[in-house]
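Reviewing the structure listed below.
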Amino acid sequence: MELKRRKTKKYTFKSLEVEELRKLGSLIVDQDKFYIKYGRLLYLLKTKMEEGIVSTLFHFYDSLYHCFTFPDYQLLPTLEEYSSIIGLPITGRVPFTGLEQDPNNCEIEKSTHLRKGEIKKNMVTKGGLPGLPAEFLIEKALTLSQERKEEDFEAVFALLVYGLFLFPNINNFVDMNAIKIFMKKNLVPTLLGETYYSIHLRNSYGKEMVTCCTPLLYKWYISHLPDTSEFWSQKEGLQWSHKIMTLTNTEIVGTNNHFYRMKTLDYCGDFPNLPLVGTKGAISYSPVLARHQFGFPIEKRPRRNLLEGFFLEERVKNKEFRVRIANA
């Protein structure tokens with residue numbers, strides 16, 4: 001079958017200043033202990049991406065099936081793979097839905113190790129959302145580090161990473177959505193939802209990509225690429241767009257062996273696939289398309305209802321549908 005010539009788009013990504021976060025991260029005394037509690041946040045902050053790979057990847061996004069469709073194979077990020085990358089489990093807690101009431105100062109104090117008086121004094125509203133200025137949190141983190149209050153410092157630092165890196169909204173501001181996600185302690189579904197939503201919004205509506213997703217998406221995709229110098233030496237000098245176009249299904253690497261021993265998620269509640277909610281809106285993805293990534297053969301065409309997806313934009317205030325997602 002002759003492939004149609006793909007129309008080229010130019011992708012630009014909003015850049016974040018993460019140097020301050022990296023400096024704070026270097027103050028963590030026991031990084032192994034931090035990893036167990038908060039996952040690979042430091043690992044993601046230090047990510048150095050190959051120029052062009054993420055923007056090239058965007059050209060292959062399939063807005064109908066919410067996956068990446070290449071000439072000879074399909075790939076899509078999954079909850080299980082994101083869990084492996086971020087180093088945190090998918091818990092039984094209900095993830096962020098956007099329906100939550102704002103926590104009170106006592107609840108925020110318990111999760112963030114900040115004092116109620118500090119929270120009350122520094123809580124301001126920007127862009128319609130309450131939150132805490134990054135300047136206050138950075139200063140607080142440095143003070144806690146100097147006082148050798150390691151647990152308190154790590155909590156404030158992790159909150160900063162959530163608000164400025166994982167779920168950025170307004171510059172130098174950790175908004176209430178990021179605080180809620182931090183308190184939920186079930187990060188993976190929200191991160192994956194943010195990734196899918198941002199990609200779909202960027203490709204279908206031309207809006208700017210939410211930055212946090214680019215290092216995660218990059219880490220996810222390169223985990224599926226051949227890891228041999230001999231293979232890549234044959235493609236030396238090619239742009240990433242040409243490298244990706246030359247890959248075949250047999251050359252794509254499956255996920256790690258430990259996925260074969262775990263139960264993967266195929267659907268949720270009354271949804272035939274998996275609904276995901278980010279900070280801006282909601283979207284679904286179909287794990288049935290990723291079966292080969294976990295080592296299972298796709299022996300026949302998936303049933304149509306398993307591929308029926310949805311995309312709920314931020315401006316669409318469909319509370320009933322969000323409640324349905326939360327119940328699922």
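Just so we're on the same page: first chain in the structure tokens is A, next is B, and so on; residues restart at 1 for each chain, and ligands are numbered from 1 in the order they show up.
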Test item, helix (DSSP H, G or I) assignment across region 46-266 of chain A, answer as a PyMOL selection string: chain A and resi 53-58+79-86+105-112+116-122+134-146+150-166+176-184+187-205+213-222+229-233+240-246+257-261
What residues in region 133-310 of chain A get the DSSP label strand (DSSP E or B)? Please answer as a ChimeraX atom specification. /A:133,173-175,209,268,271,274-277,282-285
Measuring between only C-alpha atoms, which one of A:Glu51, A:Gln146, A:Lys121, A:Ile283 shows the shortest distance to Leu312 (chain A)? A:Ile283
Within 12 Å of Thr143 (chain A) using only C-alpha atoms, minus same-chain residues under 2 positions, as an MDAnalysis selection string: chainID A and resid 24 27 114 136:141 145:150 152:154 156:157
Find the residues near Val277 (chain A): any atom within 6 Å, counting only C-alpha atoms, skip ones fewer than 5 places away on the same chain, and give them as a PyMOL selection string. chain A and resi 97+190+193+282
Keeping only C-alpha atoms, write the selected residues as a PDB file, in the first residue's frame.
ATOM      1  CA  THR A  97     -10.844  14.305  38.840  1.00  0.00           C
ATOM      2  CA  THR A 190      -2.985  12.170  36.086  1.00  0.00           C
ATOM      3  CA  GLY A 193      -3.938  11.972  31.236  1.00  0.00           C
ATOM      4  CA  ALA A 282     -10.211  14.466  30.046  1.00  0.00           C
TER       5      ALA A 282
END
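Counting from CA of Ser26 (chain A), the distance to CA of Arg40 (chain A) is 13.7 Å.
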Can you pull out every residue within 7 Å of region 77-92 of chain A, counting only C-alpha atoms, but drop anything in the same chain fewer than 4 positions away, and send it as a PDB file with all heavy atoms, in the first residue's frame?
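Done, and the output landed in around33.pdb:
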ATOM      1  N   GLY A  39       9.240   8.872  44.052  1.00  0.00           N
ATOM      2  CA  GLY A  39       9.513   8.424  42.699  1.00  0.00           C
ATOM      3  C   GLY A  39      10.721   9.100  42.077  1.00  0.00           C
ATOM      4  O   GLY A  39      11.533   9.718  42.762  1.00  0.00           O
ATOM      5  N   ARG A  40      10.828   8.999  40.752  1.00  0.00           N
ATOM      6  CA  ARG A  40      12.018   9.466  40.037  1.00  0.00           C
ATOM      7  C   ARG A  40      11.894  10.934  39.601  1.00  0.00           C
ATOM      8  O   ARG A  40      12.151  11.272  38.437  1.00  0.00           O
ATOM      9  CB  ARG A  40      12.256   8.586  38.810  1.00  0.00           C
ATOM     10  CG  ARG A  40      12.620   7.148  39.148  1.00  0.00           C
ATOM     11  CD  ARG A  40      13.166   6.434  37.919  1.00  0.00           C
ATOM     12  NE  ARG A  40      13.553   5.084  38.221  1.00  0.00           N
ATOM     13  CZ  ARG A  40      12.794   4.008  37.989  1.00  0.00           C
ATOM     14  NH1 ARG A  40      11.588   4.160  37.457  1.00  0.00           N
ATOM     15  NH2 ARG A  40      13.227   2.795  38.284  1.00  0.00           N
ATOM     16  N   ASN A 186      -1.551   9.593  44.025  1.00  0.00           N
ATOM     17  CA  ASN A 186      -1.791   8.656  42.916  1.00  0.00           C
ATOM     18  C   ASN A 186      -1.475   9.400  41.626  1.00  0.00           C
ATOM     19  O   ASN A 186      -2.351   9.716  40.823  1.00  0.00           O
ATOM     20  CB  ASN A 186      -3.230   8.152  42.910  1.00  0.00           C
ATOM     21  CG  ASN A 186      -3.415   6.962  41.968  1.00  0.00           C
ATOM     22  OD1 ASN A 186      -2.452   6.405  41.448  1.00  0.00           O
ATOM     23  ND2 ASN A 186      -4.647   6.571  41.757  1.00  0.00           N
ATOM     24  N   VAL A 188       0.391   8.741  38.767  1.00  0.00           N
ATOM     25  CA  VAL A 188       0.562   8.182  37.424  1.00  0.00           C
ATOM     26  C   VAL A 188      -0.631   8.432  36.493  1.00  0.00           C
ATOM     27  O   VAL A 188      -0.443   8.907  35.362  1.00  0.00           O
ATOM     28  CB  VAL A 188       0.895   6.678  37.497  1.00  0.00           C
ATOM     29  CG1 VAL A 188       0.985   6.079  36.096  1.00  0.00           C
ATOM     30  CG2 VAL A 188       2.205   6.461  38.241  1.00  0.00           C
ATOM     31  N   PRO A 189      -1.887   8.136  36.901  1.00  0.00           N
ATOM     32  CA  PRO A 189      -3.011   8.363  35.971  1.00  0.00           C
ATOM     33  C   PRO A 189      -3.136   9.812  35.529  1.00  0.00           C
ATOM     34  O   PRO A 189      -3.463  10.085  34.371  1.00  0.00           O
ATOM     35  CB  PRO A 189      -4.232   7.915  36.783  1.00  0.00           C
ATOM     36  CG  PRO A 189      -3.700   6.966  37.803  1.00  0.00           C
ATOM     37  CD  PRO A 189      -2.348   7.508  38.158  1.00  0.00           C
ATOM     38  N   LEU A 192      -0.370  10.626  32.925  1.00  0.00           N
ATOM     39  CA  LEU A 192      -0.682  10.049  31.616  1.00  0.00           C
ATOM     40  C   LEU A 192      -1.830  10.815  30.969  1.00  0.00           C
ATOM     41  O   LEU A 192      -1.804  11.085  29.760  1.00  0.00           O
ATOM     42  CB  LEU A 192      -1.034   8.568  31.753  1.00  0.00           C
ATOM     43  CG  LEU A 192      -1.247   7.818  30.441  1.00  0.00           C
ATOM     44  CD1 LEU A 192       0.011   7.829  29.580  1.00  0.00           C
ATOM     45  CD2 LEU A 192      -1.680   6.368  30.700  1.00  0.00           C
ATOM     46  N   TRP A 220       9.658   7.551  27.539  1.00  0.00           N
ATOM     47  CA  TRP A 220       8.816   6.420  27.130  1.00  0.00           C
ATOM     48  C   TRP A 220       9.203   5.928  25.741  1.00  0.00           C
ATOM     49  O   TRP A 220       9.395   4.728  25.533  1.00  0.00           O
ATOM     50  CB  TRP A 220       7.336   6.847  27.140  1.00  0.00           C
ATOM     51  CG  TRP A 220       6.471   5.890  26.377  1.00  0.00           C
ATOM     52  CD1 TRP A 220       6.051   4.649  26.779  1.00  0.00           C
ATOM     53  CD2 TRP A 220       5.965   6.065  25.051  1.00  0.00           C
ATOM     54  NE1 TRP A 220       5.311   4.059  25.782  1.00  0.00           N
ATOM     55  CE2 TRP A 220       5.239   4.897  24.723  1.00  0.00           C
ATOM     56  CE3 TRP A 220       6.041   7.097  24.119  1.00  0.00           C
ATOM     57  CZ2 TRP A 220       4.602   4.756  23.495  1.00  0.00           C
ATOM     58  CZ3 TRP A 220       5.410   6.949  22.901  1.00  0.00           C
ATOM     59  CH2 TRP A 220       4.696   5.785  22.597  1.00  0.00           C
TER      60      TRP A 220
END
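In this structure, CA of Phe165 (chain A) sits 20.5 Å away from CA of Asn122 (chain A).
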If we count only C-alpha atoms and set the cut-off at 10 Å, which residues sit around Cys106 (chain A), ignoring sequence neighbours fewer than 2 positions away in its own chain? Please answer as a PyMOL selection string. chain A and resi 103-104+108-111+114-117+119
CA of Leu238 (chain A) to CA of Val54 (chain A) measures 15.6 Å
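Residues in contact range of Val323 (chain A), defined as at most 12 Å between only C-alpha atoms, with sequence neighbours fewer than 6 positions away removed, read A:Val94, A:Phe96, A:Thr97, A:Gly98, A:Leu99, A:Glu100, A:Pro275, A:Val277, A:Ala282, A:Lys317.
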Writing out the chosen residues with N, CA and C atoms as a PDB file, in the first residue's frame:
ATOM      1  N   VAL A  94      -8.611   7.073  44.376  1.00  0.00           N
ATOM      2  CA  VAL A  94      -9.189   7.771  43.225  1.00  0.00           C
ATOM      3  C   VAL A  94      -8.242   8.906  42.843  1.00  0.00           C
ATOM      4  N   PHE A  96      -6.883  12.382  40.696  1.00  0.00           N
ATOM      5  CA  PHE A  96      -7.450  13.718  40.504  1.00  0.00           C
ATOM      6  C   PHE A  96      -8.562  13.674  39.458  1.00  0.00           C
ATOM      7  N   THR A  97      -9.715  14.283  39.772  1.00  0.00           N
ATOM      8  CA  THR A  97     -10.844  14.305  38.840  1.00  0.00           C
ATOM      9  C   THR A  97     -11.263  15.720  38.457  1.00  0.00           C
ATOM     10  N   GLY A  98     -10.784  16.724  39.199  1.00  0.00           N
ATOM     11  CA  GLY A  98     -11.226  18.092  38.957  1.00  0.00           C
ATOM     12  C   GLY A  98     -12.509  18.441  39.673  1.00  0.00           C
ATOM     13  N   LEU A  99     -13.086  17.472  40.395  1.00  0.00           N
ATOM     14  CA  LEU A  99     -14.330  17.694  41.130  1.00  0.00           C
ATOM     15  C   LEU A  99     -14.092  17.938  42.618  1.00  0.00           C
ATOM     16  N   GLU A 100     -12.837  17.810  43.039  1.00  0.00           N
ATOM     17  CA  GLU A 100     -12.531  17.892  44.466  1.00  0.00           C
ATOM     18  C   GLU A 100     -12.753  19.293  45.036  1.00  0.00           C
ATOM     19  N   PRO A 275     -10.490   5.876  30.867  1.00  0.00           N
ATOM     20  CA  PRO A 275     -10.615   7.329  30.892  1.00  0.00           C
ATOM     21  C   PRO A 275      -9.515   7.941  31.755  1.00  0.00           C
ATOM     22  N   VAL A 277      -7.970  11.772  33.370  1.00  0.00           N
ATOM     23  CA  VAL A 277      -8.265  13.177  33.641  1.00  0.00           C
ATOM     24  C   VAL A 277      -6.966  13.908  33.961  1.00  0.00           C
ATOM     25  N   ALA A 282     -10.233  15.930  29.956  1.00  0.00           N
ATOM     26  CA  ALA A 282     -10.211  14.466  30.046  1.00  0.00           C
ATOM     27  C   ALA A 282     -10.123  13.847  28.663  1.00  0.00           C
ATOM     28  N   LYS A 317     -17.845  22.155  30.612  1.00  0.00           N
ATOM     29  CA  LYS A 317     -18.107  21.866  32.025  1.00  0.00           C
ATOM     30  C   LYS A 317     -19.166  20.769  32.141  1.00  0.00           C
TER      31      LYS A 317
END
Using only C-alpha atoms, pick whichever of A:Tyr61, A:Tyr218, A:Tyr73, A:Tyr38 has the shortest atom-to-atom distance to Thr248 (chain A). A:Tyr73
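Among A:Tyr196, A:Phe294, A:Phe58, A:Phe182, the residue with the shortest atom-to-atom distance to Leu274 (chain A), counting only C-alpha atoms, is A:Tyr196.
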